[in-house]
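See below for target_32.csv, which holds CSV, C-alpha atoms and all ligand atoms.
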chain,number,residue,atom,x,y,z
A,1,MET,CA,21.4,-29.2,-4.6
A,2,ASN,CA,21.5,-31.4,-7.7
A,3,LYS,CA,24.9,-32.1,-9.2
A,4,GLU,CA,23.9,-33.0,-12.7
A,5,PRO,CA,21.8,-30.4,-14.6
A,6,LEU,CA,18.1,-31.3,-14.9
A,7,GLU,CA,16.1,-31.2,-18.0
A,8,GLU,CA,14.0,-28.1,-18.6
A,9,LYS,CA,10.8,-30.3,-18.8
A,10,GLU,CA,11.4,-31.9,-15.4
A,11,ILE,CA,12.0,-28.5,-13.8
A,12,LEU,CA,8.9,-27.0,-15.3
A,13,GLU,CA,6.8,-30.0,-14.2
A,14,GLU,CA,7.9,-29.7,-10.7
A,15,LEU,CA,7.3,-26.0,-10.7
A,16,ALA,CA,3.8,-26.5,-12.1
A,17,SER,CA,2.9,-29.0,-9.4
A,18,LEU,CA,4.0,-26.6,-6.7
A,19,LYS,CA,2.2,-23.6,-8.3
A,20,ALA,CA,-0.9,-25.7,-8.2
A,21,LYS,CA,-0.8,-25.5,-4.4
A,22,ASP,CA,-1.0,-21.7,-4.5
A,23,PHE,CA,-4.3,-19.9,-4.2
A,24,GLU,CA,-5.4,-18.1,-7.4
A,25,TYR,CA,-6.9,-14.6,-7.4
A,26,SER,CA,-9.2,-15.6,-10.3
A,27,THR,CA,-11.2,-17.9,-8.0
A,28,GLY,CA,-12.4,-14.8,-6.1
A,29,ARG,CA,-11.7,-16.6,-2.8
A,30,ILE,CA,-8.7,-14.5,-1.8
A,31,LEU,CA,-10.6,-11.9,0.3
A,32,GLY,CA,-7.8,-10.5,2.5
A,33,SER,CA,-5.1,-9.4,0.0
A,34,MET,CA,-4.2,-5.9,-1.1
A,35,CYS,CA,-2.6,-7.4,-4.2
A,36,THR,CA,-4.3,-8.8,-7.1
A,37,LYS,CA,-4.0,-10.7,-10.4
A,38,ALA,CA,-1.2,-9.4,-12.7
A,39,ASP,CA,-2.3,-8.3,-16.1
A,40,PRO,CA,-1.0,-10.4,-19.0
A,41,LEU,CA,0.6,-7.3,-20.5
A,42,ALA,CA,2.5,-6.7,-17.2
A,43,LYS,CA,3.8,-10.3,-17.3
A,44,LYS,CA,5.1,-9.9,-20.8
A,45,VAL,CA,6.8,-6.5,-20.2
A,46,PHE,CA,8.2,-7.8,-16.9
A,47,CYS,CA,9.9,-10.7,-18.7
A,48,ASP,CA,11.2,-8.4,-21.5
A,49,PHE,CA,13.0,-6.2,-18.9
A,50,LEU,CA,14.1,-8.9,-16.6
A,51,ASP,CA,17.8,-8.1,-16.8
A,52,ALA,CA,17.5,-4.3,-16.8
A,53,ASN,CA,19.4,-2.9,-13.7
A,54,LEU,CA,18.3,0.5,-12.4
A,55,GLY,CA,21.2,0.4,-10.0
A,56,ASP,CA,23.5,1.0,-13.0
A,57,PRO,CA,21.3,3.4,-15.0
A,58,GLY,CA,23.9,4.6,-17.5
A,59,LEU,CA,23.7,1.1,-19.0
A,60,PHE,CA,19.9,1.2,-19.1
A,61,LYS,CA,18.9,4.6,-20.2
A,62,GLY,CA,15.6,3.5,-21.7
A,63,THR,CA,14.5,1.8,-18.5
A,64,GLN,CA,15.6,4.8,-16.4
A,65,TYR,CA,13.5,7.0,-18.6
A,66,LEU,CA,10.5,4.6,-17.9
A,67,GLU,CA,11.1,5.0,-14.2
A,68,GLU,CA,11.1,8.8,-14.5
A,69,GLU,CA,7.9,8.7,-16.6
A,70,VAL,CA,6.1,6.6,-14.0
A,71,ILE,CA,7.1,9.0,-11.3
A,72,LYS,CA,5.8,11.9,-13.4
A,73,ASP,CA,2.6,10.1,-14.2
A,74,ILE,CA,1.9,9.2,-10.5
A,75,GLY,CA,2.9,12.7,-9.5
A,76,SER,CA,0.3,14.1,-11.9
A,77,PHE,CA,-2.5,12.5,-10.0
A,78,LEU,CA,-0.9,13.4,-6.7
A,79,SER,CA,-1.0,17.1,-7.7
A,80,ILE,CA,2.8,17.7,-8.2
A,81,ASP,CA,4.4,18.9,-11.5
A,82,SER,CA,8.0,18.1,-10.7
A,83,PRO,CA,8.1,15.0,-8.5
A,84,PHE,CA,11.3,13.2,-7.4
A,85,GLY,CA,11.4,9.6,-6.3
A,86,ASN,CA,11.8,6.0,-7.3
A,87,ILE,CA,10.0,2.8,-8.1
A,88,VAL,CA,10.9,0.5,-5.2
A,89,THR,CA,9.9,-2.9,-3.9
A,90,GLY,CA,6.8,-1.8,-2.1
A,91,GLY,CA,5.3,0.4,0.6
A,92,THR,CA,7.8,-0.9,3.2
A,93,GLU,CA,10.8,0.4,1.3
A,94,ALA,CA,9.1,3.6,0.3
A,95,ASN,CA,8.2,4.4,3.9
A,96,LEU,CA,11.8,3.5,4.9
A,97,MET,CA,13.2,5.9,2.4
A,98,ALA,CA,10.8,8.7,3.6
A,99,MET,CA,11.8,8.2,7.2
A,100,ARG,CA,15.5,8.2,6.2
A,101,ALA,CA,15.1,11.4,4.3
A,102,ALA,CA,13.3,13.0,7.3
A,103,ARG,CA,15.9,11.8,9.8
A,104,ASN,CA,18.9,12.9,7.7
A,105,THR,CA,17.3,16.3,7.2
A,106,ALA,CA,16.6,16.8,10.9
A,107,LYS,CA,20.1,15.6,11.8
A,108,LYS,CA,21.7,18.2,9.5
A,109,ASN,CA,19.4,21.1,10.1
A,110,LYS,CA,18.3,20.7,13.7
A,111,LYS,CA,21.1,18.6,15.2
A,112,ILE,CA,18.6,16.3,16.9
A,113,GLU,CA,20.3,13.4,18.6
A,114,SER,CA,17.4,11.2,19.7
A,115,PRO,CA,14.9,11.5,16.9
A,116,GLU,CA,11.2,10.5,17.3
A,117,ILE,CA,8.5,9.9,14.8
A,118,ILE,CA,4.8,10.0,15.5
A,119,VAL,CA,2.5,7.7,13.6
A,120,PRO,CA,-1.1,6.8,14.2
A,121,LYS,CA,-1.8,3.6,16.1
A,122,SER,CA,-3.3,2.3,12.8
A,123,ALA,CA,0.0,2.8,10.8
A,124,HIS,CA,1.5,-0.1,8.9
A,125,PHE,CA,4.1,-2.2,10.7
A,126,SER,CA,6.7,-1.0,8.2
A,127,PHE,CA,7.2,2.0,10.4
A,128,GLU,CA,8.3,-0.3,13.2
A,129,LYS,CA,10.9,-1.7,10.8
A,130,ALA,CA,12.0,1.8,9.7
A,131,SER,CA,12.3,3.0,13.3
A,132,ASP,CA,14.4,-0.1,14.2
A,133,ILE,CA,16.7,0.3,11.2
A,134,LEU,CA,17.1,4.1,11.4
A,135,GLY,CA,17.3,4.3,15.2
A,136,LEU,CA,14.1,6.3,15.6
A,137,LYS,CA,11.8,6.2,18.6
A,138,LEU,CA,8.4,5.2,17.3
A,139,ILE,CA,5.5,7.0,19.0
A,140,GLU,CA,1.9,5.9,18.3
A,141,ALA,CA,-0.8,8.5,18.5
A,142,ASP,CA,-4.3,7.4,19.5
A,143,LEU,CA,-7.2,7.1,17.1
A,144,ASP,CA,-10.6,8.8,17.2
A,145,GLY,CA,-14.0,7.0,17.2
A,146,ASN,CA,-13.7,6.4,13.5
A,147,TYR,CA,-10.3,4.8,13.8
A,148,LYS,CA,-8.6,7.8,12.3
A,149,LEU,CA,-5.6,9.6,13.8
A,150,SER,CA,-6.6,11.8,16.7
A,151,ILE,CA,-5.2,15.2,16.1
A,152,ASN,CA,-5.2,16.0,19.9
A,153,SER,CA,-3.2,12.9,20.7
A,154,LEU,CA,-0.7,13.7,17.9
A,155,LYS,CA,-0.3,17.2,19.2
A,156,GLU,CA,0.3,16.0,22.8
A,157,ASN,CA,3.1,13.7,21.6
A,158,ILE,CA,5.1,16.4,19.7
A,159,THR,CA,8.4,17.1,21.5
A,160,ASN,CA,11.7,18.8,20.7
A,161,ASN,CA,12.9,15.5,19.4
A,162,THR,CA,10.0,15.0,16.9
A,163,ILE,CA,11.4,14.8,13.4
A,164,ALA,CA,8.4,13.5,11.4
A,165,ILE,CA,4.7,13.0,11.6
A,166,VAL,CA,2.9,10.4,9.5
A,167,GLY,CA,-0.7,10.2,8.2
A,168,VAL,CA,-2.2,7.3,6.4
A,169,ALA,CA,-4.5,7.8,3.4
A,170,GLY,CA,-6.2,4.4,3.4
A,171,THR,CA,-5.2,2.4,6.5
A,172,THR,CA,-4.2,-1.2,5.9
A,173,GLU,CA,-6.7,-2.7,8.3
A,174,LEU,CA,-9.8,-0.5,7.7
A,175,GLY,CA,-9.1,1.7,4.7
A,176,VAL,CA,-9.9,5.0,6.5
A,177,ILE,CA,-8.2,8.3,5.7
A,178,ASP,CA,-6.5,10.3,8.4
A,179,PRO,CA,-7.1,14.1,8.6
A,180,ILE,CA,-4.1,14.9,6.4
A,181,GLU,CA,-5.2,18.5,5.9
A,182,GLU,CA,-4.9,19.2,9.6
A,183,LEU,CA,-1.6,17.3,9.7
A,184,SER,CA,-0.3,19.6,7.0
A,185,GLU,CA,-1.0,22.7,9.1
A,186,ILE,CA,0.6,21.2,12.1
A,187,ALA,CA,3.7,20.2,10.1
A,188,ILE,CA,4.1,23.8,8.9
A,189,GLU,CA,3.5,25.4,12.3
A,190,ASN,CA,6.0,23.1,14.0
A,191,ASP,CA,8.5,22.8,11.1
A,192,LEU,CA,8.1,19.1,10.9
A,193,TYR,CA,8.4,16.6,8.0
A,194,LEU,CA,5.0,15.2,7.1
A,195,HIS,CA,4.9,11.9,5.2
A,196,VAL,CA,1.6,10.5,3.9
A,197,ASP,CA,1.4,6.7,3.6
A,198,ALA,CA,-1.0,6.2,0.7
A,199,ALA,CA,0.3,2.8,-0.2
A,200,PHE,CA,-3.2,1.5,-0.5
A,201,GLY,CA,-5.3,4.6,-1.1
A,202,GLY,CA,-3.0,6.4,-3.5
A,203,PHE,CA,-4.3,4.6,-6.6
A,204,SER,CA,-7.9,5.0,-5.8
A,205,ILE,CA,-8.7,8.2,-3.8
A,206,PRO,CA,-7.7,10.6,-6.7
A,207,PHE,CA,-9.7,8.6,-9.2
A,208,LEU,CA,-12.7,8.3,-7.0
A,209,ASN,CA,-12.7,12.1,-6.5
A,210,ASN,CA,-12.5,12.5,-10.3
A,211,ILE,CA,-15.9,10.9,-10.6
A,212,GLY,CA,-17.7,12.7,-7.8
A,213,TYR,CA,-16.7,11.0,-4.6
A,214,LYS,CA,-15.9,13.5,-1.9
A,215,LEU,CA,-12.9,12.0,-0.1
A,216,PRO,CA,-10.6,14.2,1.9
A,217,GLN,CA,-7.5,15.8,0.4
A,218,PHE,CA,-4.2,14.0,1.1
A,219,ASP,CA,-1.7,14.9,-1.6
A,220,PHE,CA,0.8,17.6,-2.5
A,221,ARG,CA,-1.9,20.2,-2.8
A,222,LEU,CA,-1.5,20.4,0.9
A,223,PRO,CA,1.7,22.5,1.4
A,224,GLY,CA,3.0,20.6,4.5
A,225,VAL,CA,3.2,17.3,2.7
A,226,SER,CA,6.9,16.4,2.0
A,227,SER,CA,6.5,12.8,0.7
A,228,ILE,CA,3.9,10.2,-0.3
A,229,THR,CA,4.1,6.5,-0.6
A,230,VAL,CA,1.9,4.8,-3.2
A,231,ASP,CA,1.9,1.1,-4.1
A,232,PRO,CA,1.3,0.4,-7.8
A,233,HIS,CA,1.3,-3.3,-6.9
A,234,LYS,CA,-2.0,-2.8,-4.9
A,235,MET,CA,-4.8,-0.8,-6.6
A,236,GLY,CA,-2.4,0.2,-9.5
A,237,LEU,CA,-2.6,-3.4,-10.9
A,238,ALA,CA,1.2,-3.5,-11.4
A,239,PRO,CA,3.0,-6.7,-10.8
A,240,ILE,CA,4.9,-7.3,-7.5
A,241,PRO,CA,7.3,-5.7,-6.6
A,242,SER,CA,6.2,-2.2,-7.4
A,243,GLY,CA,6.1,0.5,-4.7
A,244,CYS,CA,6.6,4.2,-5.3
A,245,ILE,CA,8.0,7.0,-3.1
A,246,ILE,CA,7.5,10.6,-4.2
A,247,PHE,CA,9.2,13.6,-2.7
A,248,ARG,CA,8.2,17.2,-3.1
A,249,GLU,CA,11.8,18.3,-3.4
A,250,LYS,CA,15.1,16.9,-4.8
A,251,LYS,CA,16.9,17.8,-1.5
A,252,TYR,CA,15.3,14.8,0.2
A,253,LEU,CA,17.0,12.4,-2.3
A,254,ASP,CA,20.2,14.3,-2.0
A,255,ILE,CA,20.3,14.2,1.8
A,256,MET,CA,20.5,10.4,1.7
A,257,SER,CA,22.6,9.9,-1.4
A,258,VAL,CA,25.9,8.0,-1.1
A,259,GLU,CA,28.7,7.8,-3.7
A,260,ALA,CA,28.5,4.8,-6.0
A,261,PRO,CA,32.1,4.4,-7.2
A,262,TYR,CA,32.0,1.5,-9.7
A,263,LEU,CA,28.7,2.3,-11.4
A,264,THR,CA,27.6,4.6,-14.2
A,265,SER,CA,25.8,6.9,-11.8
A,266,LYS,CA,27.8,8.9,-9.3
A,267,GLU,CA,25.3,8.7,-6.5
A,268,GLN,CA,22.6,6.5,-5.2
A,269,SER,CA,19.7,7.4,-2.8
A,270,THR,CA,17.8,4.2,-2.9
A,271,ILE,CA,18.3,1.5,-0.2
A,272,VAL,CA,18.7,-1.3,-2.8
A,273,GLY,CA,21.8,-1.3,-5.1
A,274,THR,CA,21.3,-3.6,-8.0
A,275,ARG,CA,17.7,-2.8,-8.7
A,276,LEU,CA,15.0,-4.4,-10.9
A,277,GLY,CA,14.1,-2.4,-13.9
A,278,ALA,CA,11.2,-4.7,-14.8
A,279,PRO,CA,8.7,-3.3,-12.3
A,280,ALA,CA,9.2,0.2,-13.5
A,281,ALA,CA,8.7,-0.9,-17.1
A,282,ALA,CA,5.7,-3.1,-16.3
A,283,THR,CA,4.1,-0.4,-14.2
A,284,TRP,CA,4.6,2.1,-17.0
A,285,ALA,CA,3.0,-0.3,-19.4
A,286,VAL,CA,0.0,-1.1,-17.2
A,287,MET,CA,-0.6,2.6,-16.5
A,288,LYS,CA,-0.6,3.4,-20.2
A,289,TYR,CA,-2.9,0.4,-20.8
A,290,ILE,CA,-5.5,1.3,-18.1
A,291,GLY,CA,-5.4,5.1,-18.2
A,292,SER,CA,-7.1,7.3,-15.7
A,293,GLU,CA,-10.5,6.2,-17.1
A,294,GLY,CA,-9.7,2.6,-16.3
A,295,TYR,CA,-8.5,3.4,-12.8
A,296,GLU,CA,-11.8,5.4,-12.2
A,297,THR,CA,-13.8,2.4,-13.4
A,298,LEU,CA,-11.9,0.0,-11.3
A,299,ALA,CA,-12.0,2.1,-8.1
A,300,ASN,CA,-15.7,2.7,-8.6
A,301,GLU,CA,-16.5,-1.0,-9.2
A,302,CYS,CA,-14.6,-1.9,-6.0
A,303,MET,CA,-16.5,0.7,-4.1
A,304,ILE,CA,-19.9,-0.5,-5.4
A,305,ASN,CA,-19.0,-4.1,-4.4
A,306,THR,CA,-17.8,-2.8,-1.0
A,307,SER,CA,-21.2,-1.0,-0.3
A,308,PHE,CA,-23.1,-4.1,-1.4
A,309,LEU,CA,-21.1,-6.3,1.0
A,310,ALA,CA,-21.4,-3.8,3.9
A,311,ASP,CA,-25.1,-3.4,3.4
A,312,ALA,CA,-25.7,-7.1,3.1
A,313,LEU,CA,-23.7,-7.9,6.3
A,314,HIS,CA,-25.7,-5.4,8.1
A,315,LYS,CA,-28.9,-7.1,7.1
A,316,GLU,CA,-27.5,-10.4,8.3
A,317,ASP,CA,-26.9,-9.0,11.8
A,318,PHE,CA,-23.2,-8.6,11.4
A,319,GLU,CA,-21.5,-5.5,12.9
A,320,VAL,CA,-19.6,-3.5,10.3
A,321,VAL,CA,-16.8,-1.9,12.3
A,322,VAL,CA,-16.7,1.4,10.5
A,323,ASN,CA,-18.5,2.7,7.4
A,324,PRO,CA,-16.1,1.9,4.6
A,325,GLU,CA,-14.3,5.0,3.2
A,326,LEU,CA,-12.3,2.9,0.7
A,327,ASN,CA,-12.7,-0.7,-0.5
A,328,ILE,CA,-12.2,-2.6,2.8
A,329,VAL,CA,-15.0,-4.0,4.9
A,330,ALA,CA,-14.3,-5.1,8.5
A,331,PHE,CA,-17.0,-6.9,10.5
A,332,ASN,CA,-17.8,-9.2,13.4
A,333,HIS,CA,-20.8,-11.2,14.5
A,334,PRO,CA,-21.8,-10.5,18.1
A,335,LYS,CA,-22.2,-14.2,18.8
A,336,ILE,CA,-19.2,-15.7,17.0
A,337,PRO,CA,-15.6,-15.0,18.1
A,338,THR,CA,-13.6,-13.4,15.3
A,339,ASP,CA,-10.9,-16.0,15.1
A,340,GLU,CA,-13.4,-18.9,15.2
A,341,LEU,CA,-15.3,-17.3,12.3
A,342,ALA,CA,-12.1,-16.8,10.3
A,343,ASN,CA,-11.2,-20.4,10.8
A,344,ILE,CA,-14.6,-21.7,9.7
A,345,LEU,CA,-14.4,-19.4,6.6
A,346,GLU,CA,-11.0,-20.8,5.8
A,347,GLU,CA,-12.4,-24.4,6.1
A,348,GLU,CA,-15.1,-23.3,3.7
A,349,GLY,CA,-12.3,-22.1,1.2
A,350,TRP,CA,-12.5,-18.4,1.9
A,351,MET,CA,-9.2,-16.8,2.6
A,352,VAL,CA,-10.1,-13.9,4.8
A,353,SER,CA,-7.7,-11.9,7.1
A,354,THR,CA,-8.3,-10.4,10.5
A,355,SER,CA,-7.6,-6.9,11.7
A,356,ASN,CA,-6.0,-6.3,15.1
A,357,TYR,CA,-7.5,-3.0,16.1
A,358,PRO,CA,-10.3,-3.5,16.4
A,359,LYS,CA,-10.4,-7.3,16.1
A,360,ALA,CA,-12.5,-8.1,13.1
A,361,ILE,CA,-12.8,-10.1,9.9
A,362,ARG,CA,-11.2,-7.9,7.2
A,363,ILE,CA,-12.2,-8.1,3.5
A,364,VAL,CA,-10.3,-6.2,0.9
A,365,ILE,CA,-12.5,-5.8,-2.1
A,366,MET,CA,-9.9,-5.9,-4.9
A,367,GLY,CA,-10.8,-6.1,-8.6
A,368,HIS,CA,-10.5,-9.9,-8.6
A,369,ILE,CA,-13.6,-10.1,-6.3
A,370,SER,CA,-16.9,-9.7,-8.2
A,371,HIS,CA,-20.5,-9.4,-7.1
A,372,ILE,CA,-21.1,-13.1,-7.8
A,373,HIS,CA,-18.2,-14.0,-5.4
A,374,LEU,CA,-19.7,-11.9,-2.7
A,375,VAL,CA,-23.2,-13.4,-3.1
A,376,ASP,CA,-21.5,-16.8,-2.7
A,377,PHE,CA,-19.6,-15.6,0.3
A,378,LEU,CA,-22.8,-14.3,2.0
A,379,SER,CA,-24.4,-17.6,1.5
A,380,THR,CA,-21.5,-19.3,3.2
A,381,LEU,CA,-22.0,-16.9,6.1
A,382,ARG,CA,-25.7,-17.8,6.3
A,383,LYS,CA,-24.8,-21.4,6.3
A,384,ILE,CA,-22.3,-20.9,9.1
A,385,LYS,CA,-24.9,-19.1,11.2
A,386,SER,CA,-27.5,-21.7,10.7
A,387,ASN,CA,-25.0,-24.5,11.6
A,388,LEU,CA,-24.3,-22.7,14.8
A,389,ASN,CA,-28.0,-22.2,15.4
A,390,ILE,CA,-27.7,-18.4,15.3
A,401,LIG,C1,0.5,-2.4,2.1
A,401,LIG,C2,0.9,-1.3,2.9
A,401,LIG,C3,2.2,-1.0,3.2
A,401,LIG,C4,3.4,-1.9,2.9
A,401,LIG,O1,3.5,-2.1,1.6
A,401,LIG,P1,4.3,-3.4,1.1
A,401,LIG,O2,4.2,-3.2,-0.4
A,401,LIG,O3,3.7,-4.6,1.6
A,401,LIG,O4,5.8,-3.3,1.5
A,401,LIG,C5,2.5,0.2,3.9
A,401,LIG,N1,1.5,1.1,4.2
A,401,LIG,C6,0.2,0.8,4.0
A,401,LIG,C7,-0.8,1.8,4.4
A,401,LIG,C8,-0.1,-0.4,3.3
A,401,LIG,O5,-1.4,-0.6,3.1

Structure re-expressed in structure tokens:
Amino acid sequence: MNKEPLEEKEILEELASLKAKDFEYSTGRILGSMCTKADPLAKKVFCDFLDANLGDPGLFKGTQYLEEEVIKDIGSFLSIDSPFGNIVTGGTEANLMAMRAARNTAKKNKKIESPEIIVPKSAHFSFEKASDILGLKLIEADLDGNYKLSINSLKENITNNTIAIVGVAGTTELGVIDPIEELSEIAIENDLYLHVDAAFGGFSIPFLNNIGYKLPQFDFRLPGVSSITVDPHKMGLAPIPSGCIIFREKKYLDIMSVEAPYLTSKEQSTIVGTRLGAPAAATWAVMKYIGSEGYETLANECMINTSFLADALHKEDFEVVVNPELNIVAFNHPKIPTDELANILEEEGWMVSTSNYPKAIRIVIMGHISHIHLVDFLSTLRKIKSNLNI
């Protein structure tokens, strides 16, 4: 570390030269990210609220109000009038809170000593972390032919130690929606906690359905659903870090609250202590600025680009793994190994990602990717094929 303080100019210059090494969303070449470019308004608000601490809410009543308003607004499109929850750092922390609430509830009410949770094989790796941290046994249920949770496999895995079941509304790898309606019934029949991970899909499914898409139900309208994760920093266009956990009832926050002796609030249910207020304020501002109409337009445009890409890939003899339900396209070429194709694409300047199950090139069509970028991408794919004499 430097001993003498440096000049601001020198510091900013070094930062600028390092930032220049980062990829930029606006180039349209980041094809594998669920995050996207931050809105200029979000940047401004984020900076304005940089020192607001939601861990000490009595000092920041205005910011606390903004967090409550965001929870209510998100709750309104997840079909719940009185939601309880928090703006957290992302889907990982939201899922951790949900599993902690489920575990503590089961410990208290059912005296379960070796708790197990059942998630689909497609679940995000954050459940592995949550299980490790919370001492839960993680059980992965199989998927059906469309890579959705198999209800039969889930049922077979329920035991006396099961404390929670999880469904995903918009899987991370393929963007498919698990049969949450059936999960809700199973949760009620078996008196189990049901958590829905809609980190990716939560900010698009409701808006797509508003404008005539017929995507399956996944929200609090289903009586068995106890909590939902939604990530404003994905399709919600909020700046990182903005995740959201919403519980149907306050008792789930209470069951994991601890005393907070030296702070203005008496109790704390969140994992994090000192807690950024800036994401709550910036998320509030972005949601006001975009409105439900804006989210409908965004989600629809992403879906139109998704269909365009999936159709075009098909015509170019690529195999699209599953018909896209949300804005993710996963594909392979029968004659090019997936990792090889991913490497060549990266050499050509396209930052794609690969899915694990099934192995495929995975493209997340976020708002920073436009039709023109996709046309360009397809011409790179044609070039690669011809270079390989395919
Ligand atoms: C992205 C994602 C997560 C993790 O969210 P982070 O914000 O990266 O912590 C969890 N679940 C699903 C379904 C996701 O797509």

Within 9 Å of ligand LIG 401 (chain A): each chain A residue with its shortest pair, all atoms listed in the file, as JSON lines:
{"residue": "A:Met34", "atom": "CA", "partner": "A:LIG401", "partner_atom": "C1", "distance": 6.7}
{"residue": "A:Cys35", "atom": "CA", "partner": "A:LIG401", "partner_atom": "C1", "distance": 8.6}
{"residue": "A:Thr89", "atom": "CA", "partner": "A:LIG401", "partner_atom": "O2", "distance": 6.7}
{"residue": "A:Gly90", "atom": "CA", "partner": "A:LIG401", "partner_atom": "O2", "distance": 3.4}
{"residue": "A:Gly91", "atom": "CA", "partner": "A:LIG401", "partner_atom": "O1", "distance": 3.2}
{"residue": "A:Thr92", "atom": "CA", "partner": "A:LIG401", "partner_atom": "O4", "distance": 3.6}
{"residue": "A:Glu93", "atom": "CA", "partner": "A:LIG401", "partner_atom": "O4", "distance": 6.2}
{"residue": "A:Ala94", "atom": "CA", "partner": "A:LIG401", "partner_atom": "O4", "distance": 7.7}
{"residue": "A:Asn95", "atom": "CA", "partner": "A:LIG401", "partner_atom": "C5", "distance": 7.1}
{"residue": "A:Ser122", "atom": "CA", "partner": "A:LIG401", "partner_atom": "C7", "distance": 8.8}
{"residue": "A:Ala123", "atom": "CA", "partner": "A:LIG401", "partner_atom": "C7", "distance": 6.5}
{"residue": "A:His124", "atom": "CA", "partner": "A:LIG401", "partner_atom": "N1", "distance": 4.9}
{"residue": "A:Phe125", "atom": "CA", "partner": "A:LIG401", "partner_atom": "C5", "distance": 7.4}
{"residue": "A:Ser126", "atom": "CA", "partner": "A:LIG401", "partner_atom": "C5", "distance": 6.1}
{"residue": "A:Phe127", "atom": "CA", "partner": "A:LIG401", "partner_atom": "C5", "distance": 8.2}
{"residue": "A:Val168", "atom": "CA", "partner": "A:LIG401", "partner_atom": "C7", "distance": 6.0}
{"residue": "A:Ala169", "atom": "CA", "partner": "A:LIG401", "partner_atom": "C7", "distance": 7.1}
{"residue": "A:Gly170", "atom": "CA", "partner": "A:LIG401", "partner_atom": "C7", "distance": 6.1}
{"residue": "A:Thr171", "atom": "CA", "partner": "A:LIG401", "partner_atom": "C7", "distance": 4.9}
{"residue": "A:Thr172", "atom": "CA", "partner": "A:LIG401", "partner_atom": "O5", "distance": 4.0}
{"residue": "A:Glu173", "atom": "CA", "partner": "A:LIG401", "partner_atom": "O5", "distance": 7.7}
{"residue": "A:Gly175", "atom": "CA", "partner": "A:LIG401", "partner_atom": "O5", "distance": 8.2}
{"residue": "A:Asp197", "atom": "CA", "partner": "A:LIG401", "partner_atom": "C7", "distance": 5.4}
{"residue": "A:Ala198", "atom": "CA", "partner": "A:LIG401", "partner_atom": "C7", "distance": 5.8}
{"residue": "A:Ala199", "atom": "CA", "partner": "A:LIG401", "partner_atom": "C6", "distance": 4.7}
{"residue": "A:Phe200", "atom": "CA", "partner": "A:LIG401", "partner_atom": "O5", "distance": 4.5}
{"residue": "A:Gly201", "atom": "CA", "partner": "A:LIG401", "partner_atom": "C7", "distance": 7.6}
{"residue": "A:Thr229", "atom": "CA", "partner": "A:LIG401", "partner_atom": "N1", "distance": 7.7}
{"residue": "A:Val230", "atom": "CA", "partner": "A:LIG401", "partner_atom": "N1", "distance": 8.3}
{"residue": "A:Asp231", "atom": "CA", "partner": "A:LIG401", "partner_atom": "O2", "distance": 6.1}
{"residue": "A:Pro232", "atom": "CA", "partner": "A:LIG401", "partner_atom": "O2", "distance": 8.7}
{"residue": "A:His233", "atom": "CA", "partner": "A:LIG401", "partner_atom": "O2", "distance": 7.1}
{"residue": "A:Lys234", "atom": "CA", "partner": "A:LIG401", "partner_atom": "C1", "distance": 7.4}
{"residue": "A:Ile240", "atom": "CA", "partner": "A:LIG401", "partner_atom": "O2", "distance": 8.2}
{"residue": "A:Pro241", "atom": "CA", "partner": "A:LIG401", "partner_atom": "O2", "distance": 7.4}
{"residue": "A:Ser242", "atom": "CA", "partner": "A:LIG401", "partner_atom": "O2", "distance": 7.3}
{"residue": "A:Gly243", "atom": "CA", "partner": "A:LIG401", "partner_atom": "O2", "distance": 6.0}

Open item on the list: Can you tell me which residues surround Ala38 (chain A) at a distance of at most 12 Å, considering all atoms listed in the file, apart from same-chain residues fewer than 6 positions away, and format the answer as a list of chain:residue names?
Closed with: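 The residues satisfying every condition are A:Glu24, A:Tyr25, A:Ser26, A:Lys44, A:Val45, A:Phe46, A:Pro232, A:His233, A:Lys234, A:Met235, A:Gly236, A:Leu237, A:Ala238, A:Pro239, A:Ile240, A:Pro241, A:Ser242, A:Pro279, A:Ala282, A:Thr283, A:Val286, A:Gly367, A:His368.
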
Open item on the list: So the first atom is CA of Ile118 (chain A) and the second is CA of Leu138 (chain A); what is the distance between them in Å, to one decimal place?
Closed with: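 Taking CA of Ile118 (chain A) and CA of Leu138 (chain A), their separation equals 6.3 Å.
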
For region 318-328 of chain A, take all atoms listed in the file, fit an axis-aligned box around them, add 3 Å to each of the six sides, then output centre and edge lengths in Å rounded to one decimal, as AutoDock Vina command-line options.
--center_x -17.7 --center_y -1.8 --center_z 6.2 --size_x 17.0 --size_y 19.6 --size_z 19.4

Task: Nearest to Lys250 (chain A), chosen from A:Met303, A:Ala278, A:Ala101, A:Ile177, with all atoms listed in the file counted in the distances - done: A:Ala101

- [ ] Extract, using only C-alpha atoms, all DNA, RNA and protein residues at most 8 Å from Cys302 (chain A), discarding same-chain residues fewer than 4 positions from it, and format them as a list of chain:residue names.
- [x] A:Leu298, A:Thr306, A:Asn327, A:Ile365, A:Met366, A:Gly367

Open item on the list: I'd like to know which of A:Ser386, A:Ser17, A:Asn104, A:Ser307 is closest to Met256 (chain A), using only C-alpha atoms.
Closed with: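 Nearest to Met256 (chain A): A:Asn104.
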
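Closest approach to Val166 (chain A) from the set A:Thr338, A:Thr27, A:Ser184, A:Gln268 is made by A:Ser184, with distances taken over all atoms listed in the file.
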
- [ ] Would you kindly return, as a PyMOL selection string, each protein, DNA or RNA residue with an atom no farther than 6 Å from any atom of region 77-88 of chain A, considering all atoms listed in the file and excluding same-chain residues fewer than 6 positions away?
- [x] chain A and resi 219-221+242-248+250

Open item on the list: For a quick check of understanding, using all atoms listed in the file, which of A:Tyr65, A:Asp132, A:Glu249, A:Phe23 has the smallest distance to Lys37 (chain A)?
Closed with: A:Phe23
